[in-house]
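File shown here: my_file21.cif, holding mmCIF, N, CA and C atoms.
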```
data_protein
loop_
_atom_site.label_atom_id
_atom_site.label_comp_id
_atom_site.auth_asym_id
_atom_site.auth_seq_id
_atom_site.Cartn_x
_atom_site.Cartn_y
_atom_site.Cartn_z
N ILE B 1 -1.03 10.92 -0.33
CA ILE B 1 0.36 11.19 -0.66
C ILE B 1 0.87 10.03 -1.51
N LYS B 2 1.53 10.37 -2.61
CA LYS B 2 2.11 9.34 -3.47
C LYS B 2 3.31 8.73 -2.77
N ASN B 3 3.47 7.42 -2.93
CA ASN B 3 4.59 6.69 -2.33
C ASN B 3 4.70 6.95 -0.83
N CYS B 4 3.59 6.90 -0.14
CA CYS B 4 3.58 7.33 1.25
C CYS B 4 4.52 6.53 2.14
N GLN B 5 4.50 5.21 2.09
CA GLN B 5 5.36 4.43 2.99
C GLN B 5 6.84 4.70 2.73
N PRO B 6 7.29 4.69 1.46
CA PRO B 6 8.69 5.05 1.24
C PRO B 6 9.03 6.47 1.71
N LEU B 7 8.08 7.38 1.54
CA LEU B 7 8.31 8.76 2.01
C LEU B 7 8.31 8.82 3.54
N LEU B 8 7.49 8.00 4.17
CA LEU B 8 7.51 7.93 5.63
C LEU B 8 8.85 7.39 6.13
N LEU B 9 9.46 6.50 5.36
CA LEU B 9 10.78 6.03 5.74
C LEU B 9 11.78 7.19 5.70
N CYS B 10 11.68 8.05 4.70
CA CYS B 10 12.54 9.25 4.65
C CYS B 10 12.35 10.08 5.91
N TYR B 11 11.10 10.26 6.29
CA TYR B 11 10.74 11.01 7.50
C TYR B 11 11.39 10.36 8.72
N LEU B 12 11.26 9.04 8.82
CA LEU B 12 11.83 8.30 9.95
C LEU B 12 13.36 8.43 9.97
N LEU B 13 13.99 8.30 8.83
CA LEU B 13 15.45 8.39 8.78
C LEU B 13 15.93 9.77 9.20
N ARG B 14 15.23 10.80 8.74
CA ARG B 14 15.61 12.17 9.14
C ARG B 14 15.35 12.37 10.63
N LEU B 15 14.21 11.90 11.10
CA LEU B 15 13.86 12.01 12.52
C LEU B 15 14.89 11.29 13.38
N SER B 16 15.36 10.15 12.92
CA SER B 16 16.32 9.33 13.67
C SER B 16 17.77 9.71 13.39
N ARG B 17 17.97 10.68 12.51
CA ARG B 17 19.31 11.13 12.12
C ARG B 17 20.17 9.99 11.57
N LEU B 18 19.51 9.17 10.73
CA LEU B 18 20.21 8.08 10.06
C LEU B 18 20.49 8.46 8.61
N ASP B 19 21.48 7.83 8.02
CA ASP B 19 21.87 8.14 6.65
C ASP B 19 20.81 7.73 5.64
N MET B 20 20.75 8.53 4.56
CA MET B 20 19.83 8.25 3.47
C MET B 20 20.50 8.75 2.19
N ASP B 21 20.40 7.97 1.14
CA ASP B 21 20.93 8.39 -0.16
C ASP B 21 20.07 9.52 -0.73
N SER B 22 20.71 10.49 -1.32
CA SER B 22 19.95 11.61 -1.92
C SER B 22 19.06 11.12 -3.05
N ASN B 23 19.51 10.10 -3.80
CA ASN B 23 18.67 9.60 -4.89
C ASN B 23 17.45 8.84 -4.36
N TYR B 24 17.55 8.28 -3.15
CA TYR B 24 16.37 7.63 -2.54
C TYR B 24 15.32 8.70 -2.23
N LEU B 25 15.73 9.77 -1.60
CA LEU B 25 14.81 10.86 -1.29
C LEU B 25 14.20 11.42 -2.57
N GLU B 26 15.01 11.66 -3.57
CA GLU B 26 14.50 12.19 -4.85
C GLU B 26 13.51 11.24 -5.49
N ASP B 27 13.83 9.94 -5.49
CA ASP B 27 12.92 8.96 -6.09
C ASP B 27 11.59 8.90 -5.34
N CYS B 28 11.63 9.04 -4.02
CA CYS B 28 10.40 9.04 -3.23
C CYS B 28 9.60 10.31 -3.49
N GLU B 29 10.26 11.45 -3.45
CA GLU B 29 9.57 12.73 -3.67
C GLU B 29 8.98 12.83 -5.07
N ASN B 30 9.64 12.25 -6.05
CA ASN B 30 9.19 12.34 -7.43
C ASN B 30 8.30 11.18 -7.84
N ALA B 31 7.90 10.36 -6.88
CA ALA B 31 7.02 9.21 -7.12
C ALA B 31 7.62 8.25 -8.15
N GLU B 32 8.93 8.03 -8.03
CA GLU B 32 9.65 7.15 -8.96
C GLU B 32 10.14 5.86 -8.30
N ILE B 33 10.04 5.75 -7.00
CA ILE B 33 10.68 4.65 -6.27
C ILE B 33 10.29 3.26 -6.81
N TYR B 34 9.02 3.01 -7.02
CA TYR B 34 8.59 1.68 -7.45
C TYR B 34 9.08 1.37 -8.86
N TYR B 35 9.17 2.40 -9.68
CA TYR B 35 9.59 2.21 -11.07
C TYR B 35 11.03 1.73 -11.18
N ARG B 36 11.83 1.96 -10.18
CA ARG B 36 13.22 1.50 -10.18
C ARG B 36 13.32 -0.02 -10.08
N PHE B 37 12.23 -0.67 -9.67
CA PHE B 37 12.25 -2.11 -9.44
C PHE B 37 11.42 -2.90 -10.45
N ILE B 38 10.83 -2.22 -11.39
CA ILE B 38 10.04 -2.91 -12.42
C ILE B 38 10.97 -3.70 -13.34
N THR B 39 10.57 -4.95 -13.59
CA THR B 39 11.28 -5.80 -14.54
C THR B 39 10.24 -6.40 -15.48
N LYS B 40 10.64 -6.76 -16.66
CA LYS B 40 9.68 -7.28 -17.65
C LYS B 40 9.01 -8.56 -17.18
N LYS B 41 9.77 -9.45 -16.56
CA LYS B 41 9.22 -10.76 -16.21
C LYS B 41 8.59 -10.82 -14.82
N LYS B 42 9.38 -10.50 -13.81
CA LYS B 42 8.92 -10.74 -12.44
C LYS B 42 8.01 -9.63 -11.90
N TYR B 43 8.34 -8.38 -12.16
CA TYR B 43 7.57 -7.24 -11.64
C TYR B 43 7.26 -6.27 -12.77
N PRO B 44 6.30 -6.60 -13.64
CA PRO B 44 6.05 -5.76 -14.82
C PRO B 44 5.33 -4.43 -14.53
N THR B 45 4.71 -4.29 -13.37
CA THR B 45 4.00 -3.04 -13.06
C THR B 45 4.37 -2.56 -11.66
N LYS B 46 4.04 -1.31 -11.40
CA LYS B 46 4.28 -0.71 -10.08
C LYS B 46 3.57 -1.52 -8.99
N ASP B 47 2.35 -1.95 -9.26
CA ASP B 47 1.59 -2.73 -8.28
C ASP B 47 2.24 -4.08 -8.00
N ASP B 48 2.90 -4.65 -9.00
CA ASP B 48 3.59 -5.94 -8.81
C ASP B 48 4.82 -5.79 -7.93
N VAL B 49 5.41 -4.62 -7.92
CA VAL B 49 6.63 -4.35 -7.16
C VAL B 49 6.34 -4.09 -5.69
N LYS B 50 5.22 -3.46 -5.40
CA LYS B 50 4.95 -3.00 -4.03
C LYS B 50 5.02 -4.11 -2.98
N LYS B 51 4.29 -5.17 -3.16
CA LYS B 51 4.22 -6.22 -2.13
C LYS B 51 5.59 -6.82 -1.84
N PRO B 52 6.36 -7.24 -2.86
CA PRO B 52 7.68 -7.79 -2.53
C PRO B 52 8.63 -6.76 -1.92
N LEU B 53 8.53 -5.52 -2.33
CA LEU B 53 9.39 -4.48 -1.77
C LEU B 53 9.04 -4.24 -0.30
N TYR B 54 7.75 -4.22 0.01
CA TYR B 54 7.33 -4.03 1.40
C TYR B 54 7.74 -5.23 2.25
N SER B 55 7.62 -6.43 1.70
CA SER B 55 7.93 -7.61 2.51
C SER B 55 9.43 -7.85 2.65
N ALA B 56 10.25 -7.28 1.76
CA ALA B 56 11.69 -7.49 1.86
C ALA B 56 12.45 -6.30 2.43
N ILE B 57 11.82 -5.11 2.43
CA ILE B 57 12.51 -3.90 2.87
C ILE B 57 11.73 -3.15 3.95
N TYR B 58 10.53 -2.71 3.64
CA TYR B 58 9.83 -1.77 4.53
C TYR B 58 9.24 -2.42 5.77
N PHE B 59 8.49 -3.49 5.62
CA PHE B 59 7.80 -4.06 6.77
C PHE B 59 8.51 -5.27 7.37
N ASP B 60 9.35 -5.90 6.60
CA ASP B 60 10.17 -7.00 7.07
C ASP B 60 11.51 -6.83 6.37
N PHE B 61 12.53 -7.44 6.87
CA PHE B 61 13.85 -7.29 6.25
C PHE B 61 14.34 -8.65 5.83
N LYS B 62 14.42 -8.85 4.52
CA LYS B 62 14.86 -10.13 3.96
C LYS B 62 16.00 -9.84 2.97
N PRO B 63 17.22 -9.68 3.49
CA PRO B 63 18.35 -9.30 2.64
C PRO B 63 18.67 -10.30 1.55
N GLN B 64 18.24 -11.55 1.69
CA GLN B 64 18.54 -12.56 0.69
C GLN B 64 17.66 -12.42 -0.56
N LYS B 65 16.57 -11.69 -0.47
CA LYS B 65 15.67 -11.51 -1.62
C LYS B 65 16.34 -10.64 -2.68
N LYS B 66 16.10 -10.97 -3.93
CA LYS B 66 16.72 -10.22 -5.04
C LYS B 66 16.30 -8.75 -5.02
N ILE B 67 15.07 -8.49 -4.66
CA ILE B 67 14.60 -7.10 -4.64
C ILE B 67 15.33 -6.31 -3.55
N ALA B 68 15.66 -6.96 -2.44
CA ALA B 68 16.43 -6.31 -1.38
C ALA B 68 17.86 -6.05 -1.84
N GLN B 69 18.42 -6.98 -2.59
CA GLN B 69 19.77 -6.81 -3.12
C GLN B 69 19.81 -5.66 -4.12
N LYS B 70 18.76 -5.55 -4.93
CA LYS B 70 18.70 -4.43 -5.88
C LYS B 70 18.55 -3.11 -5.12
N PHE B 71 17.73 -3.10 -4.07
CA PHE B 71 17.59 -1.91 -3.23
C PHE B 71 18.94 -1.50 -2.67
N LYS B 72 19.70 -2.46 -2.19
CA LYS B 72 21.02 -2.19 -1.61
C LYS B 72 21.96 -1.56 -2.64
N LYS B 73 21.87 -2.04 -3.87
CA LYS B 73 22.71 -1.50 -4.95
C LYS B 73 22.31 -0.07 -5.29
N LEU B 74 21.01 0.18 -5.35
CA LEU B 74 20.50 1.50 -5.71
C LEU B 74 20.69 2.52 -4.59
N TYR B 75 20.47 2.07 -3.36
CA TYR B 75 20.44 2.97 -2.21
C TYR B 75 21.26 2.39 -1.04
N PRO B 76 22.57 2.32 -1.15
CA PRO B 76 23.37 1.65 -0.10
C PRO B 76 23.29 2.29 1.28
N LEU B 77 23.30 3.61 1.37
CA LEU B 77 23.22 4.27 2.68
C LEU B 77 21.85 4.01 3.33
N THR B 78 20.81 4.15 2.53
CA THR B 78 19.45 3.92 3.02
C THR B 78 19.29 2.47 3.47
N TYR B 79 19.81 1.55 2.70
CA TYR B 79 19.76 0.13 3.03
C TYR B 79 20.42 -0.12 4.39
N ASN B 80 21.61 0.45 4.60
CA ASN B 80 22.31 0.25 5.88
C ASN B 80 21.49 0.80 7.05
N SER B 81 20.84 1.93 6.84
CA SER B 81 20.00 2.51 7.90
C SER B 81 18.79 1.62 8.17
N ILE B 82 18.20 1.08 7.12
CA ILE B 82 17.06 0.17 7.27
C ILE B 82 17.49 -1.07 8.04
N GLU B 83 18.67 -1.56 7.73
CA GLU B 83 19.21 -2.73 8.42
C GLU B 83 19.31 -2.44 9.93
N LEU B 84 19.78 -1.26 10.29
CA LEU B 84 19.84 -0.87 11.70
C LEU B 84 18.46 -0.79 12.32
N LEU B 85 17.51 -0.20 11.61
CA LEU B 85 16.14 -0.07 12.14
C LEU B 85 15.49 -1.43 12.37
N HIS B 86 15.78 -2.39 11.52
CA HIS B 86 15.19 -3.72 11.66
C HIS B 86 15.77 -4.51 12.83
N ARG B 87 16.85 -4.04 13.40
CA ARG B 87 17.43 -4.70 14.58
C ARG B 87 16.68 -4.35 15.86
N SER B 88 15.84 -3.35 15.78
CA SER B 88 15.07 -2.89 16.93
C SER B 88 14.03 -3.93 17.33
N ASP B 89 13.59 -3.87 18.57
CA ASP B 89 12.53 -4.76 19.04
C ASP B 89 11.18 -4.40 18.43
N THR B 90 11.01 -3.17 18.02
CA THR B 90 9.77 -2.72 17.40
C THR B 90 9.88 -2.91 15.90
N THR B 91 8.85 -3.47 15.30
CA THR B 91 8.89 -3.70 13.86
C THR B 91 8.86 -2.38 13.10
N MET B 92 9.48 -2.37 11.95
CA MET B 92 9.46 -1.16 11.15
C MET B 92 8.04 -0.86 10.68
N ALA B 93 7.25 -1.88 10.44
CA ALA B 93 5.85 -1.66 10.06
C ALA B 93 5.15 -0.85 11.15
N SER B 94 5.36 -1.21 12.39
CA SER B 94 4.76 -0.50 13.51
C SER B 94 5.27 0.93 13.61
N ILE B 95 6.57 1.10 13.44
CA ILE B 95 7.16 2.44 13.52
C ILE B 95 6.59 3.34 12.42
N LEU B 96 6.55 2.82 11.19
CA LEU B 96 6.04 3.62 10.07
C LEU B 96 4.55 3.92 10.24
N GLN B 97 3.79 2.96 10.74
CA GLN B 97 2.37 3.19 10.97
C GLN B 97 2.13 4.24 12.05
N ASN B 98 2.97 4.24 13.08
CA ASN B 98 2.84 5.25 14.13
C ASN B 98 3.19 6.64 13.62
N ILE B 99 4.20 6.73 12.77
CA ILE B 99 4.54 8.03 12.17
C ILE B 99 3.40 8.50 11.29
N GLU B 100 2.87 7.57 10.50
CA GLU B 100 1.74 7.90 9.63
C GLU B 100 0.57 8.43 10.46
N ALA B 101 0.25 7.77 11.55
CA ALA B 101 -0.85 8.21 12.41
C ALA B 101 -0.56 9.58 13.00
N ARG B 102 0.68 9.79 13.45
CA ARG B 102 1.07 11.08 14.03
C ARG B 102 0.89 12.22 13.02
N ILE B 103 1.20 11.94 11.77
CA ILE B 103 1.09 12.96 10.73
C ILE B 103 -0.36 13.21 10.35
N PHE B 104 -1.11 12.15 10.10
CA PHE B 104 -2.44 12.30 9.52
C PHE B 104 -3.55 12.53 10.54
N ASN B 105 -3.40 12.02 11.75
CA ASN B 105 -4.51 12.09 12.70
C ASN B 105 -4.79 13.48 13.25
N ASP B 106 -3.85 14.39 13.15
CA ASP B 106 -4.15 15.74 13.65
C ASP B 106 -4.30 16.76 12.51
N ILE B 107 -4.47 16.25 11.29
CA ILE B 107 -4.79 17.11 10.15
C ILE B 107 -6.30 17.23 10.10
N ALA B 108 -6.79 18.44 10.00
CA ALA B 108 -8.24 18.64 9.99
C ALA B 108 -8.64 19.70 8.96
N PRO B 109 -9.65 19.40 8.17
CA PRO B 109 -10.15 20.41 7.24
C PRO B 109 -10.92 21.49 7.98
N LYS B 110 -10.96 22.68 7.40
CA LYS B 110 -11.63 23.81 8.05
C LYS B 110 -13.09 23.95 7.68
N LYS B 111 -13.47 23.55 6.47
CA LYS B 111 -14.82 23.79 5.99
C LYS B 111 -15.69 22.54 5.88
N SER B 112 -15.09 21.39 5.79
CA SER B 112 -15.85 20.16 5.62
C SER B 112 -16.65 19.84 6.87
N LYS B 113 -17.90 19.48 6.65
CA LYS B 113 -18.76 19.10 7.76
C LYS B 113 -18.34 17.74 8.32
N TYR B 114 -17.94 16.85 7.41
CA TYR B 114 -17.51 15.52 7.81
C TYR B 114 -16.16 15.22 7.17
N TYR B 115 -15.32 14.49 7.91
CA TYR B 115 -14.05 14.02 7.36
C TYR B 115 -13.54 12.87 8.21
N PHE B 116 -12.67 12.08 7.61
CA PHE B 116 -11.98 11.04 8.37
C PHE B 116 -10.66 10.72 7.68
N THR B 117 -9.73 10.20 8.44
CA THR B 117 -8.47 9.76 7.87
C THR B 117 -8.49 8.24 7.79
N LEU B 118 -7.86 7.72 6.78
CA LEU B 118 -7.73 6.28 6.62
C LEU B 118 -6.31 6.03 6.12
N PHE B 119 -5.46 5.59 7.02
CA PHE B 119 -4.04 5.39 6.73
C PHE B 119 -3.44 6.68 6.19
N ASP B 120 -3.02 6.67 4.92
CA ASP B 120 -2.34 7.84 4.36
C ASP B 120 -3.26 8.68 3.47
N ALA B 121 -4.56 8.65 3.78
CA ALA B 121 -5.52 9.42 3.00
C ALA B 121 -6.46 10.18 3.94
N ILE B 122 -6.95 11.30 3.44
CA ILE B 122 -7.93 12.09 4.19
C ILE B 122 -9.16 12.24 3.30
N TYR B 123 -10.29 11.85 3.82
CA TYR B 123 -11.55 11.98 3.09
C TYR B 123 -12.32 13.12 3.71
N PHE B 124 -12.82 14.03 2.88
CA PHE B 124 -13.51 15.22 3.38
C PHE B 124 -14.61 15.62 2.41
N THR B 125 -15.54 16.45 2.86
CA THR B 125 -16.73 16.75 2.07
C THR B 125 -16.71 18.07 1.32
N ASP B 126 -15.80 18.96 1.64
CA ASP B 126 -15.76 20.27 0.96
C ASP B 126 -14.45 20.39 0.19
N ILE B 127 -14.52 20.37 -1.13
CA ILE B 127 -13.33 20.38 -1.98
C ILE B 127 -12.45 21.61 -1.75
N SER B 128 -13.04 22.67 -1.24
CA SER B 128 -12.24 23.87 -0.99
C SER B 128 -11.21 23.66 0.14
N ASP B 129 -11.31 22.55 0.86
CA ASP B 129 -10.33 22.22 1.90
C ASP B 129 -9.05 21.59 1.33
N LYS B 130 -9.09 21.15 0.10
CA LYS B 130 -7.98 20.39 -0.48
C LYS B 130 -6.64 21.12 -0.37
N GLU B 131 -6.59 22.35 -0.79
CA GLU B 131 -5.33 23.10 -0.79
C GLU B 131 -4.78 23.27 0.62
N ASP B 132 -5.64 23.60 1.57
CA ASP B 132 -5.19 23.78 2.94
C ASP B 132 -4.69 22.47 3.54
N LEU B 133 -5.37 21.37 3.27
CA LEU B 133 -4.93 20.07 3.78
C LEU B 133 -3.56 19.70 3.21
N GLU B 134 -3.37 19.94 1.92
CA GLU B 134 -2.07 19.68 1.31
C GLU B 134 -0.99 20.55 1.95
N LEU B 135 -1.31 21.80 2.22
CA LEU B 135 -0.34 22.69 2.86
C LEU B 135 0.03 22.21 4.27
N GLN B 136 -0.97 21.72 5.00
CA GLN B 136 -0.69 21.18 6.33
C GLN B 136 0.27 19.99 6.26
N LEU B 137 0.05 19.12 5.28
CA LEU B 137 0.91 17.95 5.11
C LEU B 137 2.30 18.36 4.64
N ILE B 138 2.36 19.29 3.71
CA ILE B 138 3.66 19.79 3.23
C ILE B 138 4.46 20.35 4.39
N LYS B 139 3.81 21.09 5.25
CA LYS B 139 4.49 21.69 6.41
C LYS B 139 5.07 20.60 7.32
N LYS B 140 4.32 19.54 7.55
CA LYS B 140 4.81 18.46 8.42
C LYS B 140 6.04 17.77 7.83
N PHE B 141 6.02 17.54 6.52
CA PHE B 141 7.15 16.88 5.87
C PHE B 141 8.33 17.83 5.68
N ASN B 142 8.03 19.09 5.39
CA ASN B 142 9.10 20.07 5.15
C ASN B 142 9.99 20.29 6.36
N GLN B 143 9.47 20.06 7.56
CA GLN B 143 10.31 20.23 8.73
C GLN B 143 11.50 19.26 8.73
N TYR B 144 11.42 18.21 7.89
CA TYR B 144 12.53 17.27 7.73
C TYR B 144 13.12 17.32 6.32
N GLY B 145 12.84 18.41 5.61
CA GLY B 145 13.42 18.59 4.27
C GLY B 145 12.86 17.65 3.24
N ILE B 146 11.59 17.27 3.38
CA ILE B 146 10.94 16.31 2.49
C ILE B 146 9.74 17.00 1.85
N THR B 147 9.56 16.78 0.55
CA THR B 147 8.43 17.37 -0.16
C THR B 147 7.55 16.27 -0.74
N PRO B 148 6.35 16.09 -0.19
CA PRO B 148 5.45 15.06 -0.72
C PRO B 148 4.74 15.52 -1.99
N LYS B 149 4.29 14.53 -2.76
CA LYS B 149 3.42 14.78 -3.92
C LYS B 149 2.08 14.15 -3.60
N PHE B 150 1.05 14.72 -4.16
CA PHE B 150 -0.30 14.26 -3.87
C PHE B 150 -0.93 13.62 -5.10
N GLY B 151 -1.71 12.57 -4.85
CA GLY B 151 -2.33 11.86 -5.97
C GLY B 151 -3.82 11.82 -5.86
#
```
Now, as a test, write the supplied structure out as structure tokens.
Amino acid sequence: IKNCQPLLLCYLLRLSRLDMDSNYLEDCENAEIYYRFITKKKYPTKDDVKKPLYSAIYFDFKPQKKIAQKFKKLYPLTYNSIELLHRSDTTMASILQNIEARIFNDIAPKKSKYYFTLFDAIYFTDISDKEDLELQLIKKFNQYGITPKFG
């Protein structure tokens, strides 16, 4: 799934009935979220953005970081909900990883002789399983009004 961790946050916010900006959901669904934070000097590529975004927003909360301030400007409702989630005794990294496991660990291909899940990916041996696996994942996300994209 493209932008899996940000999309899992959408899932968590909907599951927890917390506020989320519609543009945050759209950016996650359209695989645009990282591109909103690219800058010529500090974060010139999507890969350069991921680590600081995860360390300031998704897995740890560092509101003083510039990337967190930009997130707050772009997605104020989502930011406030994240702030609430980070007050919990359980880390957001743990919460997101548990949701990820809940989603991916019970997805199973029908024709592949061998398969395994690894975080937000499913490896399988029969390509004809691809469409069904995607449908299973779409169904899990759609129950919360979220549409994933696959890469």
query: Between B:Ser88, B:Thr78, B:Arg14, B:Lys2, which one has atoms that come closest to Asn30 (chain B), using all atoms listed in the file?
result: B:Lys2
- prompt: DSSP on the backbone: what in chain B comes out helix (DSSP H, G or I), as an NGL selection string?
  reply: :B and (4-15 or 22-29 or 33-37 or 46-58 or 66-74 or 76-85 or 92-104 or 127-142)
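The space separating CA of Gln5 (chain B) from CA of Leu53 (chain B) comes to 10.9 Å.
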Region 9-98 of chain B near region 117-126 of chain B within 12 Å: what's each residue's closest atom pair and its distance in Å to one decimal, counting only C-alpha atoms, ordered by chain then ascending residue number, as a Markdown table?
```
| residue | atom | partner | partner_atom | distance |
| --- | --- | --- | --- | --- |
| B:Leu96 | CA | B:Phe119 | CA | 10.8 |
| B:Gln97 | CA | B:Phe119 | CA | 8.0 |
| B:Asn98 | CA | B:Phe119 | CA | 10.1 |
```
For Leu15 (chain B): contacts at 7 Å, all atoms listed in the file, fewer than 4 positions along chain excluded, given as JSON, numbers by chain: {"B": [10, 11, 144]}
For the structure just given, write the atoms of region 59-79 of chain B, namely N, CA and C atoms, as a PDB file, in the first residue's frame.
```pdb
ATOM      1  N   PHE B  59       5.612   8.677  14.632  1.00  0.00           N
ATOM      2  CA  PHE B  59       6.103   7.770  15.661  1.00  0.00           C
ATOM      3  C   PHE B  59       6.524   8.479  16.945  1.00  0.00           C
ATOM      4  N   ASP B  60       6.806   9.742  16.852  1.00  0.00           N
ATOM      5  CA  ASP B  60       7.112  10.565  18.007  1.00  0.00           C
ATOM      6  C   ASP B  60       6.466  11.918  17.733  1.00  0.00           C
ATOM      7  N   PHE B  61       6.267  12.702  18.730  1.00  0.00           N
ATOM      8  CA  PHE B  61       5.625  13.999  18.525  1.00  0.00           C
ATOM      9  C   PHE B  61       6.576  15.083  18.978  1.00  0.00           C
ATOM     10  N   LYS B  62       7.069  15.853  18.018  1.00  0.00           N
ATOM     11  CA  LYS B  62       8.008  16.936  18.295  1.00  0.00           C
ATOM     12  C   LYS B  62       7.456  18.216  17.669  1.00  0.00           C
ATOM     13  N   PRO B  63       6.538  18.884  18.369  1.00  0.00           N
ATOM     14  CA  PRO B  63       5.875  20.062  17.803  1.00  0.00           C
ATOM     15  C   PRO B  63       6.815  21.210  17.480  1.00  0.00           C
ATOM     16  N   GLN B  64       7.998  21.239  18.075  1.00  0.00           N
ATOM     17  CA  GLN B  64       8.934  22.324  17.828  1.00  0.00           C
ATOM     18  C   GLN B  64       9.642  22.182  16.476  1.00  0.00           C
ATOM     19  N   LYS B  65       9.618  21.004  15.887  1.00  0.00           N
ATOM     20  CA  LYS B  65      10.280  20.781  14.593  1.00  0.00           C
ATOM     21  C   LYS B  65       9.529  21.523  13.485  1.00  0.00           C
ATOM     22  N   LYS B  66      10.278  22.054  12.540  1.00  0.00           N
ATOM     23  CA  LYS B  66       9.663  22.812  11.436  1.00  0.00           C
ATOM     24  C   LYS B  66       8.708  21.952  10.618  1.00  0.00           C
ATOM     25  N   ILE B  67       9.052  20.702  10.442  1.00  0.00           N
ATOM     26  CA  ILE B  67       8.186  19.823   9.649  1.00  0.00           C
ATOM     27  C   ILE B  67       6.856  19.591  10.370  1.00  0.00           C
ATOM     28  N   ALA B  68       6.886  19.551  11.699  1.00  0.00           N
ATOM     29  CA  ALA B  68       5.652  19.414  12.482  1.00  0.00           C
ATOM     30  C   ALA B  68       4.820  20.691  12.388  1.00  0.00           C
ATOM     31  N   GLN B  69       5.482  21.826  12.381  1.00  0.00           N
ATOM     32  CA  GLN B  69       4.778  23.099  12.243  1.00  0.00           C
ATOM     33  C   GLN B  69       4.119  23.211  10.871  1.00  0.00           C
ATOM     34  N   LYS B  70       4.820  22.727   9.848  1.00  0.00           N
ATOM     35  CA  LYS B  70       4.233  22.742   8.507  1.00  0.00           C
ATOM     36  C   LYS B  70       3.037  21.783   8.447  1.00  0.00           C
ATOM     37  N   PHE B  71       3.168  20.618   9.076  1.00  0.00           N
ATOM     38  CA  PHE B  71       2.056  19.667   9.148  1.00  0.00           C
ATOM     39  C   PHE B  71       0.846  20.330   9.798  1.00  0.00           C
ATOM     40  N   LYS B  72       1.077  21.049  10.882  1.00  0.00           N
ATOM     41  CA  LYS B  72      -0.007  21.715  11.605  1.00  0.00           C
ATOM     42  C   LYS B  72      -0.710  22.748  10.719  1.00  0.00           C
ATOM     43  N   LYS B  73       0.072  23.451   9.907  1.00  0.00           N
ATOM     44  CA  LYS B  73      -0.503  24.441   8.992  1.00  0.00           C
ATOM     45  C   LYS B  73      -1.333  23.782   7.899  1.00  0.00           C
ATOM     46  N   LEU B  74      -0.818  22.683   7.360  1.00  0.00           N
ATOM     47  CA  LEU B  74      -1.510  21.981   6.274  1.00  0.00           C
ATOM     48  C   LEU B  74      -2.737  21.221   6.760  1.00  0.00           C
ATOM     49  N   TYR B  75      -2.617  20.613   7.939  1.00  0.00           N
ATOM     50  CA  TYR B  75      -3.647  19.708   8.444  1.00  0.00           C
ATOM     51  C   TYR B  75      -3.951  20.001   9.916  1.00  0.00           C
ATOM     52  N   PRO B  76      -4.561  21.128  10.241  1.00  0.00           N
ATOM     53  CA  PRO B  76      -4.741  21.494  11.660  1.00  0.00           C
ATOM     54  C   PRO B  76      -5.609  20.530  12.465  1.00  0.00           C
ATOM     55  N   LEU B  77      -6.693  20.028  11.904  1.00  0.00           N
ATOM     56  CA  LEU B  77      -7.550  19.087  12.645  1.00  0.00           C
ATOM     57  C   LEU B  77      -6.808  17.775  12.914  1.00  0.00           C
ATOM     58  N   THR B  78      -6.132  17.286  11.888  1.00  0.00           N
ATOM     59  CA  THR B  78      -5.372  16.041  12.017  1.00  0.00           C
ATOM     60  C   THR B  78      -4.259  16.216  13.048  1.00  0.00           C
ATOM     61  N   TYR B  79      -3.582  17.331  13.003  1.00  0.00           N
ATOM     62  CA  TYR B  79      -2.517  17.637  13.957  1.00  0.00           C
ATOM     63  C   TYR B  79      -3.050  17.597  15.388  1.00  0.00           C
TER      64      TYR B  79
END
```
